[in-house]
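S.K.: Sharing a structure with you now.
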Amino acid sequence: MSLTVVGSIAFDAVKTPFGERERMLGGSAVHFSLAASFFTDVRVVGPVGDDFGEPEYDALRQRNVNVDDVERVDGGKTFFWAGEYGWDLNTRETLATELGVFGEFSPKLSEEARAADTLFLANIQPDLQRQVRRLCEGARLVGLDSMNLWIETARDSLVAAIGEVDLVFMNDSELRQLTEQPNLVRAAREVMAMGPRVIVAKQGEYGAALFSSEGFFALPAYPLETVVDPTGAGDSFAGGFLGYLASQGEGAAEDDSALRRAMTYGSVIASFNVEEFGTERVQRLTRDEIEERFAEFKAMTHFESVPA
């Protein structure tokens, strides 16, 4: 199955206690598409400026990500974000946000992009998410991500967008904020009542929780001794998750076993993402490494009842 992702393509500047990068490839659509590319054909949609060159295109092409729908704006500058993490890598300080061409982004999708079986609406303005959803009316599996900014400034539009998709990926705090429910289970159920079949609550270093009509499933984060940069981990998780589901064909989002495997693959790829800055580790990642860590994760989280 083919997968289209619409979102930001960016340059990031990041500083953590373990080093820094002044300019590296980033953006939600980039992290997502690199992760999803291990499982299915991916087409990325987003705007870039003149400063986005062949090395950046090649980073995507080398993972067989189709870049035909990347919109290059003459005379423009690519979206830029700068941030700094302290010893608590769950929190960060934004130092600069320069929207550049992303500030005037109006998604333009080719016929091939519109024909994708699976669609991911990355963290963009909810009205744009709804616009893209209408362009891809034939997509059988649609996921959406969002953030606190849209909850605060475009809540009604976000709720409408949520009602038009199958899966929602949000941080646990954002689910609580959206529903004004302090309890995560109640918050997830309330969002499910808006329309989607599956809610995935991202919980950073504590893992993720999945809510569906089939029940509940949770995974811890893969235990790592080296965590360098968490930027893009959530998008890598979503990419692994939705990319795997896309590879399983129609009906996978209604299969509890497939959803659990998708959670695990998403967590595995996110664990590689944070080991180095930006996309550096994922660009060198192999499917064999993914499968090896998947097996380790399965062994860590498996248990059997012991006879009394």
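Starting from 1 in every chain, residues are counted up; chains themselves are A, B, ... following the order of the structure tokens, and ligands are numbered from 1 as listed.
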Please run DSSP on the backbone and report, as a short mmCIF file (atom, residue, chain, number, x, y, z; two decimals) with C-alpha atoms, in the first residue's frame, all residues within range 14-133 of chain A that come out as strand (DSSP E).

M.R.:
data_model
loop_
_atom_site.label_atom_id
_atom_site.label_comp_id
_atom_site.auth_asym_id
_atom_site.auth_seq_id
_atom_site.Cartn_x
_atom_site.Cartn_y
_atom_site.Cartn_z
CA VAL A 14 19.35 21.70 18.56
CA LYS A 15 21.42 21.80 21.71
CA THR A 16 21.33 19.11 24.39
CA GLY A 19 26.18 18.16 22.02
CA GLU A 20 24.60 20.38 19.45
CA ARG A 21 23.88 20.84 15.77
CA GLU A 22 23.55 24.28 14.20
CA ARG A 23 21.66 23.08 11.12
CA MET A 24 20.24 19.63 10.44
CA LEU A 25 17.40 18.10 8.46
CA GLY A 26 14.15 17.93 10.40
CA ASP A 41 6.10 3.30 -0.28
CA VAL A 42 6.01 6.86 1.03
CA ARG A 43 5.33 10.15 -0.74
CA VAL A 44 6.11 13.33 1.22
CA VAL A 45 4.27 16.63 0.70
CA GLY A 46 5.57 19.92 2.08
CA PRO A 47 7.20 23.23 1.11
CA VAL A 48 10.91 24.11 1.04
CA VAL A 65 10.93 8.36 -0.12
CA ASN A 66 9.24 9.94 -3.14
CA VAL A 70 7.91 18.56 -2.30
CA GLU A 71 7.08 22.14 -3.30
CA ARG A 72 10.15 24.29 -3.88
CA PHE A 79 11.04 26.42 7.91
CA PHE A 80 13.63 26.73 10.70
CA TRP A 81 13.33 25.76 14.37
CA ALA A 82 15.89 26.07 17.15
CA GLY A 83 15.58 24.55 20.61
CA GLU A 84 17.52 23.53 23.67
CA TYR A 85 17.03 20.58 26.02
CA ARG A 92 12.67 21.81 25.82
CA GLU A 93 12.94 25.56 25.29
CA THR A 94 12.18 26.94 21.86
CA LEU A 95 14.81 29.52 20.96
CA ALA A 96 13.65 30.44 17.46
CA THR A 97 10.85 29.67 15.03
CA GLU A 98 11.10 31.02 11.49
CA THR A 118 -2.93 5.56 3.65
CA LEU A 119 -2.67 9.23 4.63
CA PHE A 120 -0.92 10.91 7.56
CA LEU A 121 -1.85 14.48 8.45
#

S.K.: I'd like to know which of A:Leu242, A:Val227, A:Val282, A:Ala295 is closest to Pro17 in chain A, using only C-alpha atoms.

M.R.: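 Once distances to Pro17 in chain A are computed over only C-alpha atoms, the minimum belongs to A:Val227.
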
S.K.: Go ahead and compute the interatomic distance for CA of Arg134 in chain A and CA of Leu175 in chain A, in Å to one decimal.

M.R.: 24.5 Å

S.K.: Taking a cut-off of 8 Å and counting only C-alpha atoms, can you build a table that, for each residue of range 14-132 of chain A near range 148-167 of chain A, reports the nearest atom pair and how far apart they are in Å (one decimal), sorted by chain then residue number, as CSV?

M.R.:
residue,atom,partner,partner_atom,distance
A:Gln125,CA,A:Trp150,CA,6.8
A:Pro126,CA,A:Leu158,CA,5.1
A:Asp127,CA,A:Ser157,CA,6.2
A:Gln129,CA,A:Ala161,CA,6.7
A:Arg130,CA,A:Ala161,CA,5.5

S.K.: Give me a file of those residues, with C-alpha atoms, as a PDB file, in the first residue's frame.

M.R.:
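Writing the result to part_22.pdb gives the following:
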ATOM      1  CA  GLN A 125      -3.177  23.760  11.038  1.00  0.00           C
ATOM      2  CA  PRO A 126      -6.431  21.766  11.355  1.00  0.00           C
ATOM      3  CA  ASP A 127      -8.110  23.555   8.444  1.00  0.00           C
ATOM      4  CA  GLN A 129      -5.591  18.883   7.575  1.00  0.00           C
ATOM      5  CA  ARG A 130      -9.263  18.877   6.598  1.00  0.00           C
TER       6      ARG A 130
END

S.K.: Please, which residues of range 98-224 of chain A, numbered as in this document, come out helix (DSSP H, G or I) from DSSP, as a PDB file with N, CA, C and O atoms, in the first residue's frame?

M.R.:
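Final output, result32.pdb:
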ATOM      1  N   GLY A 100       9.158  30.794   7.461  1.00  0.00           N
ATOM      2  CA  GLY A 100       9.576  30.816   6.068  1.00  0.00           C
ATOM      3  C   GLY A 100       8.422  30.441   5.142  1.00  0.00           C
ATOM      4  O   GLY A 100       7.291  30.905   5.297  1.00  0.00           O
ATOM      5  N   VAL A 101       8.688  29.554   4.180  1.00  0.00           N
ATOM      6  CA  VAL A 101       7.661  29.169   3.205  1.00  0.00           C
ATOM      7  C   VAL A 101       6.527  28.376   3.844  1.00  0.00           C
ATOM      8  O   VAL A 101       5.431  28.291   3.282  1.00  0.00           O
ATOM      9  N   PHE A 102       6.769  27.829   5.021  1.00  0.00           N
ATOM     10  CA  PHE A 102       5.732  27.049   5.692  1.00  0.00           C
ATOM     11  C   PHE A 102       4.592  27.942   6.171  1.00  0.00           C
ATOM     12  O   PHE A 102       3.460  27.489   6.345  1.00  0.00           O
ATOM     13  N   GLY A 103       4.888  29.227   6.371  1.00  0.00           N
ATOM     14  CA  GLY A 103       3.874  30.155   6.854  1.00  0.00           C
ATOM     15  C   GLY A 103       2.751  30.385   5.856  1.00  0.00           C
ATOM     16  O   GLY A 103       1.644  30.748   6.249  1.00  0.00           O
ATOM     17  N   GLU A 104       3.027  30.191   4.568  1.00  0.00           N
ATOM     18  CA  GLU A 104       2.017  30.382   3.521  1.00  0.00           C
ATOM     19  C   GLU A 104       1.672  29.059   2.852  1.00  0.00           C
ATOM     20  O   GLU A 104       1.168  29.038   1.725  1.00  0.00           O
ATOM     21  N   GLU A 111      -1.856  13.734  -8.440  1.00  0.00           N
ATOM     22  CA  GLU A 111      -2.838  12.661  -8.510  1.00  0.00           C
ATOM     23  C   GLU A 111      -2.320  11.422  -7.788  1.00  0.00           C
ATOM     24  O   GLU A 111      -3.090  10.701  -7.144  1.00  0.00           O
ATOM     25  N   GLU A 112      -1.009  11.179  -7.882  1.00  0.00           N
ATOM     26  CA  GLU A 112      -0.426  10.019  -7.207  1.00  0.00           C
ATOM     27  C   GLU A 112      -0.512  10.162  -5.693  1.00  0.00           C
ATOM     28  O   GLU A 112      -0.803   9.202  -4.980  1.00  0.00           O
ATOM     29  N   ALA A 113      -0.266  11.371  -5.194  1.00  0.00           N
ATOM     30  CA  ALA A 113      -0.366  11.597  -3.755  1.00  0.00           C
ATOM     31  C   ALA A 113      -1.802  11.445  -3.274  1.00  0.00           C
ATOM     32  O   ALA A 113      -2.061  10.875  -2.212  1.00  0.00           O
ATOM     33  N   ARG A 114      -2.742  11.927  -4.063  1.00  0.00           N
ATOM     34  CA  ARG A 114      -4.157  11.836  -3.684  1.00  0.00           C
ATOM     35  C   ARG A 114      -4.659  10.398  -3.694  1.00  0.00           C
ATOM     36  O   ARG A 114      -5.624  10.068  -2.993  1.00  0.00           O
ATOM     37  N   PRO A 126      -5.327  22.702  11.583  1.00  0.00           N
ATOM     38  CA  PRO A 126      -6.431  21.766  11.355  1.00  0.00           C
ATOM     39  C   PRO A 126      -7.232  22.018  10.082  1.00  0.00           C
ATOM     40  O   PRO A 126      -7.703  21.071   9.455  1.00  0.00           O
ATOM     41  N   ASP A 127      -7.392  23.284   9.683  1.00  0.00           N
ATOM     42  CA  ASP A 127      -8.110  23.555   8.444  1.00  0.00           C
ATOM     43  C   ASP A 127      -7.368  22.964   7.247  1.00  0.00           C
ATOM     44  O   ASP A 127      -7.982  22.465   6.293  1.00  0.00           O
ATOM     45  N   LEU A 128      -6.025  23.013   7.289  1.00  0.00           N
ATOM     46  CA  LEU A 128      -5.239  22.410   6.221  1.00  0.00           C
ATOM     47  C   LEU A 128      -5.360  20.892   6.264  1.00  0.00           C
ATOM     48  O   LEU A 128      -5.402  20.244   5.209  1.00  0.00           O
ATOM     49  N   GLN A 129      -5.398  20.324   7.465  1.00  0.00           N
ATOM     50  CA  GLN A 129      -5.591  18.883   7.575  1.00  0.00           C
ATOM     51  C   GLN A 129      -6.905  18.452   6.928  1.00  0.00           C
ATOM     52  O   GLN A 129      -6.969  17.460   6.195  1.00  0.00           O
ATOM     53  N   ARG A 130      -7.961  19.203   7.174  1.00  0.00           N
ATOM     54  CA  ARG A 130      -9.263  18.877   6.598  1.00  0.00           C
ATOM     55  C   ARG A 130      -9.251  19.058   5.073  1.00  0.00           C
ATOM     56  O   ARG A 130      -9.870  18.277   4.341  1.00  0.00           O
ATOM     57  N   GLN A 131      -8.541  20.084   4.618  1.00  0.00           N
ATOM     58  CA  GLN A 131      -8.429  20.309   3.176  1.00  0.00           C
ATOM     59  C   GLN A 131      -7.760  19.118   2.503  1.00  0.00           C
ATOM     60  O   GLN A 131      -8.232  18.637   1.460  1.00  0.00           O
ATOM     61  N   VAL A 132      -6.661  18.632   3.080  1.00  0.00           N
ATOM     62  CA  VAL A 132      -5.949  17.487   2.510  1.00  0.00           C
ATOM     63  C   VAL A 132      -6.817  16.235   2.573  1.00  0.00           C
ATOM     64  O   VAL A 132      -6.856  15.436   1.633  1.00  0.00           O
ATOM     65  N   ARG A 133      -7.531  16.071   3.679  1.00  0.00           N
ATOM     66  CA  ARG A 133      -8.396  14.886   3.810  1.00  0.00           C
ATOM     67  C   ARG A 133      -9.432  14.855   2.693  1.00  0.00           C
ATOM     68  O   ARG A 133      -9.719  13.783   2.141  1.00  0.00           O
ATOM     69  N   ARG A 134      -9.972  16.002   2.345  1.00  0.00           N
ATOM     70  CA  ARG A 134     -10.956  16.042   1.253  1.00  0.00           C
ATOM     71  C   ARG A 134     -10.319  15.710  -0.092  1.00  0.00           C
ATOM     72  O   ARG A 134     -10.948  15.089  -0.956  1.00  0.00           O
ATOM     73  N   LEU A 135      -9.051  16.110  -0.274  1.00  0.00           N
ATOM     74  CA  LEU A 135      -8.354  15.802  -1.525  1.00  0.00           C
ATOM     75  C   LEU A 135      -8.057  14.310  -1.654  1.00  0.00           C
ATOM     76  O   LEU A 135      -7.925  13.792  -2.761  1.00  0.00           O
ATOM     77  N   ASN A 148      -0.715  21.368  21.280  1.00  0.00           N
ATOM     78  CA  ASN A 148      -1.437  22.273  22.166  1.00  0.00           C
ATOM     79  C   ASN A 148      -1.782  23.608  21.496  1.00  0.00           C
ATOM     80  O   ASN A 148      -2.817  24.207  21.792  1.00  0.00           O
ATOM     81  N   LEU A 149      -0.941  24.075  20.559  1.00  0.00           N
ATOM     82  CA  LEU A 149      -1.220  25.339  19.891  1.00  0.00           C
ATOM     83  C   LEU A 149      -2.580  25.315  19.198  1.00  0.00           C
ATOM     84  O   LEU A 149      -3.369  26.256  19.315  1.00  0.00           O
ATOM     85  N   TRP A 150      -2.882  24.218  18.502  1.00  0.00           N
ATOM     86  CA  TRP A 150      -4.157  24.143  17.768  1.00  0.00           C
ATOM     87  C   TRP A 150      -5.322  23.909  18.722  1.00  0.00           C
ATOM     88  O   TRP A 150      -6.443  24.338  18.435  1.00  0.00           O
ATOM     89  N   ILE A 151      -5.075  23.257  19.848  1.00  0.00           N
ATOM     90  CA  ILE A 151      -6.126  23.112  20.862  1.00  0.00           C
ATOM     91  C   ILE A 151      -6.524  24.479  21.396  1.00  0.00           C
ATOM     92  O   ILE A 151      -7.708  24.765  21.620  1.00  0.00           O
ATOM     93  N   GLU A 152      -5.542  25.344  21.555  1.00  0.00           N
ATOM     94  CA  GLU A 152      -5.786  26.663  22.127  1.00  0.00           C
ATOM     95  C   GLU A 152      -6.355  27.658  21.112  1.00  0.00           C
ATOM     96  O   GLU A 152      -7.140  28.543  21.480  1.00  0.00           O
ATOM     97  N   THR A 153      -5.977  27.517  19.840  1.00  0.00           N
ATOM     98  CA  THR A 153      -6.329  28.550  18.859  1.00  0.00           C
ATOM     99  C   THR A 153      -7.338  28.102  17.799  1.00  0.00           C
ATOM    100  O   THR A 153      -7.919  28.944  17.111  1.00  0.00           O
ATOM    101  N   ARG A 155      -9.644  25.043  18.225  1.00  0.00           N
ATOM    102  CA  ARG A 155     -10.199  23.821  18.797  1.00  0.00           C
ATOM    103  C   ARG A 155     -11.349  23.249  17.967  1.00  0.00           C
ATOM    104  O   ARG A 155     -11.382  22.041  17.703  1.00  0.00           O
ATOM    105  N   ASP A 156     -12.282  24.082  17.552  1.00  0.00           N
ATOM    106  CA  ASP A 156     -13.439  23.575  16.808  1.00  0.00           C
ATOM    107  C   ASP A 156     -13.010  22.915  15.502  1.00  0.00           C
ATOM    108  O   ASP A 156     -13.530  21.859  15.118  1.00  0.00           O
ATOM    109  N   SER A 157     -12.059  23.550  14.820  1.00  0.00           N
ATOM    110  CA  SER A 157     -11.566  22.983  13.568  1.00  0.00           C
ATOM    111  C   SER A 157     -10.823  21.675  13.821  1.00  0.00           C
ATOM    112  O   SER A 157     -10.941  20.716  13.042  1.00  0.00           O
ATOM    113  N   LEU A 158     -10.076  21.615  14.919  1.00  0.00           N
ATOM    114  CA  LEU A 158      -9.352  20.391  15.259  1.00  0.00           C
ATOM    115  C   LEU A 158     -10.323  19.257  15.563  1.00  0.00           C
ATOM    116  O   LEU A 158     -10.133  18.118  15.106  1.00  0.00           O
ATOM    117  N   VAL A 159     -11.359  19.543  16.318  1.00  0.00           N
ATOM    118  CA  VAL A 159     -12.360  18.515  16.626  1.00  0.00           C
ATOM    119  C   VAL A 159     -13.001  17.999  15.342  1.00  0.00           C
ATOM    120  O   VAL A 159     -13.225  16.799  15.171  1.00  0.00           O
ATOM    121  N   ALA A 160     -13.279  18.899  14.414  1.00  0.00           N
ATOM    122  CA  ALA A 160     -13.853  18.487  13.130  1.00  0.00           C
ATOM    123  C   ALA A 160     -12.874  17.609  12.358  1.00  0.00           C
ATOM    124  O   ALA A 160     -13.273  16.606  11.742  1.00  0.00           O
ATOM    125  N   ALA A 161     -11.578  17.970  12.370  1.00  0.00           N
ATOM    126  CA  ALA A 161     -10.569  17.173  11.674  1.00  0.00           C
ATOM    127  C   ALA A 161     -10.452  15.786  12.290  1.00  0.00           C
ATOM    128  O   ALA A 161     -10.334  14.776  11.591  1.00  0.00           O
ATOM    129  N   ILE A 162     -10.490  15.730  13.614  1.00  0.00           N
ATOM    130  CA  ILE A 162     -10.412  14.451  14.318  1.00  0.00           C
ATOM    131  C   ILE A 162     -11.567  13.544  13.914  1.00  0.00           C
ATOM    132  O   ILE A 162     -11.412  12.324  13.772  1.00  0.00           O
ATOM    133  N   ASP A 172      -0.135  12.619  25.839  1.00  0.00           N
ATOM    134  CA  ASP A 172      -1.166  12.416  26.855  1.00  0.00           C
ATOM    135  C   ASP A 172      -1.653  13.740  27.431  1.00  0.00           C
ATOM    136  O   ASP A 172      -2.846  13.929  27.681  1.00  0.00           O
ATOM    137  N   SER A 173      -0.756  14.709  27.594  1.00  0.00           N
ATOM    138  CA  SER A 173      -1.163  16.015  28.137  1.00  0.00           C
ATOM    139  C   SER A 173      -2.083  16.747  27.164  1.00  0.00           C
ATOM    140  O   SER A 173      -2.997  17.464  27.586  1.00  0.00           O
ATOM    141  N   GLU A 174      -1.866  16.565  25.864  1.00  0.00           N
ATOM    142  CA  GLU A 174      -2.710  17.215  24.871  1.00  0.00           C
ATOM    143  C   GLU A 174      -4.103  16.597  24.837  1.00  0.00           C
ATOM    144  O   GLU A 174      -5.097  17.303  24.657  1.00  0.00           O
ATOM    145  N   LEU A 175      -4.189  15.293  25.028  1.00  0.00           N
ATOM    146  CA  LEU A 175      -5.503  14.649  25.091  1.00  0.00           C
ATOM    147  C   LEU A 175      -6.298  15.175  26.284  1.00  0.00           C
ATOM    148  O   LEU A 175      -7.499  15.435  26.177  1.00  0.00           O
ATOM    149  N   ARG A 176      -5.620  15.343  27.411  1.00  0.00           N
ATOM    150  CA  ARG A 176      -6.294  15.888  28.593  1.00  0.00           C
ATOM    151  C   ARG A 176      -6.723  17.334  28.357  1.00  0.00           C
ATOM    152  O   ARG A 176      -7.817  17.749  28.746  1.00  0.00           O
ATOM    153  N   GLN A 177      -5.844  18.102  27.721  1.00  0.00           N
ATOM    154  CA  GLN A 177      -6.160  19.507  27.453  1.00  0.00           C
ATOM    155  C   GLN A 177      -7.349  19.622  26.504  1.00  0.00           C
ATOM    156  O   GLN A 177      -8.253  20.442  26.721  1.00  0.00           O
ATOM    157  N   LEU A 178      -7.372  18.805  25.465  1.00  0.00           N
ATOM    158  CA  LEU A 178      -8.443  18.869  24.477  1.00  0.00           C
ATOM    159  C   LEU A 178      -9.798  18.555  25.097  1.00  0.00           C
ATOM    160  O   LEU A 178     -10.805  19.207  24.779  1.00  0.00           O
ATOM    161  N   THR A 179      -9.831  17.573  25.973  1.00  0.00           N
ATOM    162  CA  THR A 179     -11.106  17.108  26.532  1.00  0.00           C
ATOM    163  C   THR A 179     -11.429  17.704  27.889  1.00  0.00           C
ATOM    164  O   THR A 179     -12.538  17.511  28.401  1.00  0.00           O
ATOM    165  N   LEU A 184      -6.524  10.059  31.822  1.00  0.00           N
ATOM    166  CA  LEU A 184      -6.164   9.761  30.439  1.00  0.00           C
ATOM    167  C   LEU A 184      -7.148   8.800  29.781  1.00  0.00           C
ATOM    168  O   LEU A 184      -7.478   8.965  28.602  1.00  0.00           O
ATOM    169  N   VAL A 185      -7.625   7.807  30.507  1.00  0.00           N
ATOM    170  CA  VAL A 185      -8.565   6.838  29.930  1.00  0.00           C
ATOM    171  C   VAL A 185      -9.850   7.554  29.505  1.00  0.00           C
ATOM    172  O   VAL A 185     -10.360   7.362  28.391  1.00  0.00           O
ATOM    173  N   ARG A 186     -10.384   8.405  30.379  1.00  0.00           N
ATOM    174  CA  ARG A 186     -11.590   9.145  30.036  1.00  0.00           C
ATOM    175  C   ARG A 186     -11.329  10.087  28.861  1.00  0.00           C
ATOM    176  O   ARG A 186     -12.185  10.248  27.980  1.00  0.00           O
ATOM    177  N   ALA A 187     -10.171  10.717  28.862  1.00  0.00           N
ATOM    178  CA  ALA A 187      -9.838  11.633  27.771  1.00  0.00           C
ATOM    179  C   ALA A 187      -9.789  10.892  26.440  1.00  0.00           C
ATOM    180  O   ALA A 187     -10.337  11.356  25.433  1.00  0.00           O
ATOM    181  N   ALA A 188      -9.140   9.737  26.421  1.00  0.00           N
ATOM    182  CA  ALA A 188      -9.035   8.962  25.182  1.00  0.00           C
ATOM    183  C   ALA A 188     -10.402   8.512  24.699  1.00  0.00           C
ATOM    184  O   ALA A 188     -10.718   8.582  23.507  1.00  0.00           O
ATOM    185  N   ARG A 189     -11.250   8.050  25.625  1.00  0.00           N
ATOM    186  CA  ARG A 189     -12.590   7.610  25.234  1.00  0.00           C
ATOM    187  C   ARG A 189     -13.412   8.770  24.679  1.00  0.00           C
ATOM    188  O   ARG A 189     -14.203   8.600  23.755  1.00  0.00           O
ATOM    189  N   GLU A 190     -13.208   9.958  25.238  1.00  0.00           N
ATOM    190  CA  GLU A 190     -13.956  11.119  24.761  1.00  0.00           C
ATOM    191  C   GLU A 190     -13.515  11.499  23.355  1.00  0.00           C
ATOM    192  O   GLU A 190     -14.338  11.884  22.514  1.00  0.00           O
ATOM    193  N   VAL A 191     -12.216  11.389  23.070  1.00  0.00           N
ATOM    194  CA  VAL A 191     -11.733  11.677  21.721  1.00  0.00           C
ATOM    195  C   VAL A 191     -12.218  10.611  20.742  1.00  0.00           C
ATOM    196  O   VAL A 191     -12.582  10.918  19.602  1.00  0.00           O
ATOM    197  N   MET A 192     -12.255   9.349  21.172  1.00  0.00           N
ATOM    198  CA  MET A 192     -12.800   8.300  20.315  1.00  0.00           C
ATOM    199  C   MET A 192     -14.247   8.593  19.944  1.00  0.00           C
ATOM    200  O   MET A 192     -14.685   8.309  18.820  1.00  0.00           O
ATOM    201  N   GLY A 204       6.374  10.027  25.759  1.00  0.00           N
ATOM    202  CA  GLY A 204       7.800  10.298  25.853  1.00  0.00           C
ATOM    203  C   GLY A 204       8.611   9.114  26.340  1.00  0.00           C
ATOM    204  O   GLY A 204       8.463   7.989  25.855  1.00  0.00           O
ATOM    205  N   GLU A 205       9.480   9.362  27.324  1.00  0.00           N
ATOM    206  CA  GLU A 205      10.348   8.301  27.825  1.00  0.00           C
ATOM    207  C   GLU A 205       9.583   7.206  28.558  1.00  0.00           C
ATOM    208  O   GLU A 205      10.139   6.157  28.873  1.00  0.00           O
ATOM    209  N   TYR A 206       8.285   7.431  28.793  1.00  0.00           N
ATOM    210  CA  TYR A 206       7.475   6.418  29.469  1.00  0.00           C
ATOM    211  C   TYR A 206       6.730   5.517  28.496  1.00  0.00           C
ATOM    212  O   TYR A 206       6.014   4.613  28.913  1.00  0.00           O
TER     213      TYR A 206
END

S.K.: Mind giving me the straight-line distance from CA of His302 in chain A to CA of Asn90 in chain A in Å, one decimal?

M.R.: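 Between these atoms lies a distance of 26.8 Å.
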
S.K.: Using only C-alpha atoms, which of the listed residues (A:Ala238, A:Leu109, A:Leu99, A:Ala233) sits closest to Asp68 in chain A?

M.R.: A:Leu109

S.K.: Excluding Arg287 in chain A and any residue of its chain fewer than 4 positions from it, enumerate the residues within 12 Å of it, using only C-alpha atoms, and give them as a ChimeraX atom specification.

M.R.: /A:35-39,63,240,265,268-269,272,282-283,291-294

S.K.: Take the residues from that selection and write them out as a PDB file, in the first residue's frame, keeping N, CA, C and O atoms.

M.R.:
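As a result, selection26.pdb now contains:
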ATOM      1  N   ALA A  35      10.832   7.012   8.805  1.00  0.00           N
ATOM      2  CA  ALA A  35      10.435   5.852   9.611  1.00  0.00           C
ATOM      3  C   ALA A  35       9.490   4.938   8.844  1.00  0.00           C
ATOM      4  O   ALA A  35       9.638   3.710   8.837  1.00  0.00           O
ATOM      5  N   ALA A  36       8.500   5.526   8.183  1.00  0.00           N
ATOM      6  CA  ALA A  36       7.505   4.724   7.465  1.00  0.00           C
ATOM      7  C   ALA A  36       8.110   4.006   6.272  1.00  0.00           C
ATOM      8  O   ALA A  36       7.611   2.954   5.844  1.00  0.00           O
ATOM      9  N   SER A  37       9.206   4.542   5.717  1.00  0.00           N
ATOM     10  CA  SER A  37       9.789   3.981   4.502  1.00  0.00           C
ATOM     11  C   SER A  37      10.337   2.578   4.681  1.00  0.00           C
ATOM     12  O   SER A  37      10.595   1.888   3.695  1.00  0.00           O
ATOM     13  N   PHE A  38      10.530   2.136   5.910  1.00  0.00           N
ATOM     14  CA  PHE A  38      11.007   0.775   6.153  1.00  0.00           C
ATOM     15  C   PHE A  38       9.919  -0.266   5.881  1.00  0.00           C
ATOM     16  O   PHE A  38      10.212  -1.456   5.791  1.00  0.00           O
ATOM     17  N   PHE A  39       8.676   0.197   5.735  1.00  0.00           N
ATOM     18  CA  PHE A  39       7.556  -0.732   5.615  1.00  0.00           C
ATOM     19  C   PHE A  39       6.733  -0.577   4.344  1.00  0.00           C
ATOM     20  O   PHE A  39       6.100  -1.532   3.908  1.00  0.00           O
ATOM     21  N   ARG A  63      16.254   6.588   1.183  1.00  0.00           N
ATOM     22  CA  ARG A  63      15.320   5.702   1.863  1.00  0.00           C
ATOM     23  C   ARG A  63      14.100   5.433   0.976  1.00  0.00           C
ATOM     24  O   ARG A  63      13.082   4.951   1.451  1.00  0.00           O
ATOM     25  N   GLY A 240       6.680   4.754  12.048  1.00  0.00           N
ATOM     26  CA  GLY A 240       6.811   3.314  12.164  1.00  0.00           C
ATOM     27  C   GLY A 240       5.468   2.643  12.365  1.00  0.00           C
ATOM     28  O   GLY A 240       5.178   1.584  11.780  1.00  0.00           O
ATOM     29  N   TYR A 265       6.736  -1.583  16.586  1.00  0.00           N
ATOM     30  CA  TYR A 265       7.629  -1.083  15.538  1.00  0.00           C
ATOM     31  C   TYR A 265       7.820   0.431  15.664  1.00  0.00           C
ATOM     32  O   TYR A 265       8.940   0.941  15.484  1.00  0.00           O
ATOM     33  N   VAL A 268      10.229   1.012  18.464  1.00  0.00           N
ATOM     34  CA  VAL A 268      11.584   0.606  18.092  1.00  0.00           C
ATOM     35  C   VAL A 268      12.270   1.688  17.269  1.00  0.00           C
ATOM     36  O   VAL A 268      13.413   2.076  17.554  1.00  0.00           O
ATOM     37  N   ILE A 269      11.592   2.192  16.244  1.00  0.00           N
ATOM     38  CA  ILE A 269      12.229   3.198  15.398  1.00  0.00           C
ATOM     39  C   ILE A 269      12.447   4.499  16.167  1.00  0.00           C
ATOM     40  O   ILE A 269      13.478   5.159  16.009  1.00  0.00           O
ATOM     41  N   PHE A 272      15.684   4.276  18.066  1.00  0.00           N
ATOM     42  CA  PHE A 272      16.881   4.549  17.276  1.00  0.00           C
ATOM     43  C   PHE A 272      17.016   6.044  17.004  1.00  0.00           C
ATOM     44  O   PHE A 272      18.116   6.597  17.019  1.00  0.00           O
ATOM     45  N   VAL A 282      18.642   7.315  11.983  1.00  0.00           N
ATOM     46  CA  VAL A 282      17.634   6.642  11.157  1.00  0.00           C
ATOM     47  C   VAL A 282      18.098   6.535   9.711  1.00  0.00           C
ATOM     48  O   VAL A 282      17.779   5.565   9.022  1.00  0.00           O
ATOM     49  N   GLN A 283      18.899   7.484   9.239  1.00  0.00           N
ATOM     50  CA  GLN A 283      19.405   7.409   7.874  1.00  0.00           C
ATOM     51  C   GLN A 283      20.339   6.221   7.679  1.00  0.00           C
ATOM     52  O   GLN A 283      20.466   5.708   6.556  1.00  0.00           O
ATOM     53  N   GLU A 291      14.392  -5.363  13.190  1.00  0.00           N
ATOM     54  CA  GLU A 291      13.827  -6.655  13.575  1.00  0.00           C
ATOM     55  C   GLU A 291      14.514  -7.224  14.811  1.00  0.00           C
ATOM     56  O   GLU A 291      13.868  -7.858  15.665  1.00  0.00           O
ATOM     57  N   GLU A 292      15.819  -7.000  14.927  1.00  0.00           N
ATOM     58  CA  GLU A 292      16.545  -7.476  16.113  1.00  0.00           C
ATOM     59  C   GLU A 292      16.037  -6.780  17.375  1.00  0.00           C
ATOM     60  O   GLU A 292      15.783  -7.428  18.397  1.00  0.00           O
ATOM     61  N   ARG A 293      15.868  -5.465  17.307  1.00  0.00           N
ATOM     62  CA  ARG A 293      15.380  -4.747  18.484  1.00  0.00           C
ATOM     63  C   ARG A 293      13.909  -5.058  18.752  1.00  0.00           C
ATOM     64  O   ARG A 293      13.480  -5.097  19.910  1.00  0.00           O
ATOM     65  N   PHE A 294      13.131  -5.304  17.686  1.00  0.00           N
ATOM     66  CA  PHE A 294      11.738  -5.712  17.859  1.00  0.00           C
ATOM     67  C   PHE A 294      11.670  -7.009  18.672  1.00  0.00           C
ATOM     68  O   PHE A 294      10.854  -7.144  19.598  1.00  0.00           O
TER      69      PHE A 294
END

S.K.: With a distance cut-off of 8 Å and only C-alpha atoms, select the neighbouring residues of Gly138 in chain A, excluding the residue or stretch itself and same-chain residues fewer than 3 positions from it, and output the selection as a list in words.

M.R.: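 With the cut-off at 8 Å, the set is Arg114, Ala115, Ala116 and Asp117 of chain A.
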
S.K.: So which one's closest to Ala122 in chain A, A:Ser33, A:Ser212, A:Gln62, A:Gln181? Using only C-alpha atoms, please.

M.R.: A:Ser33
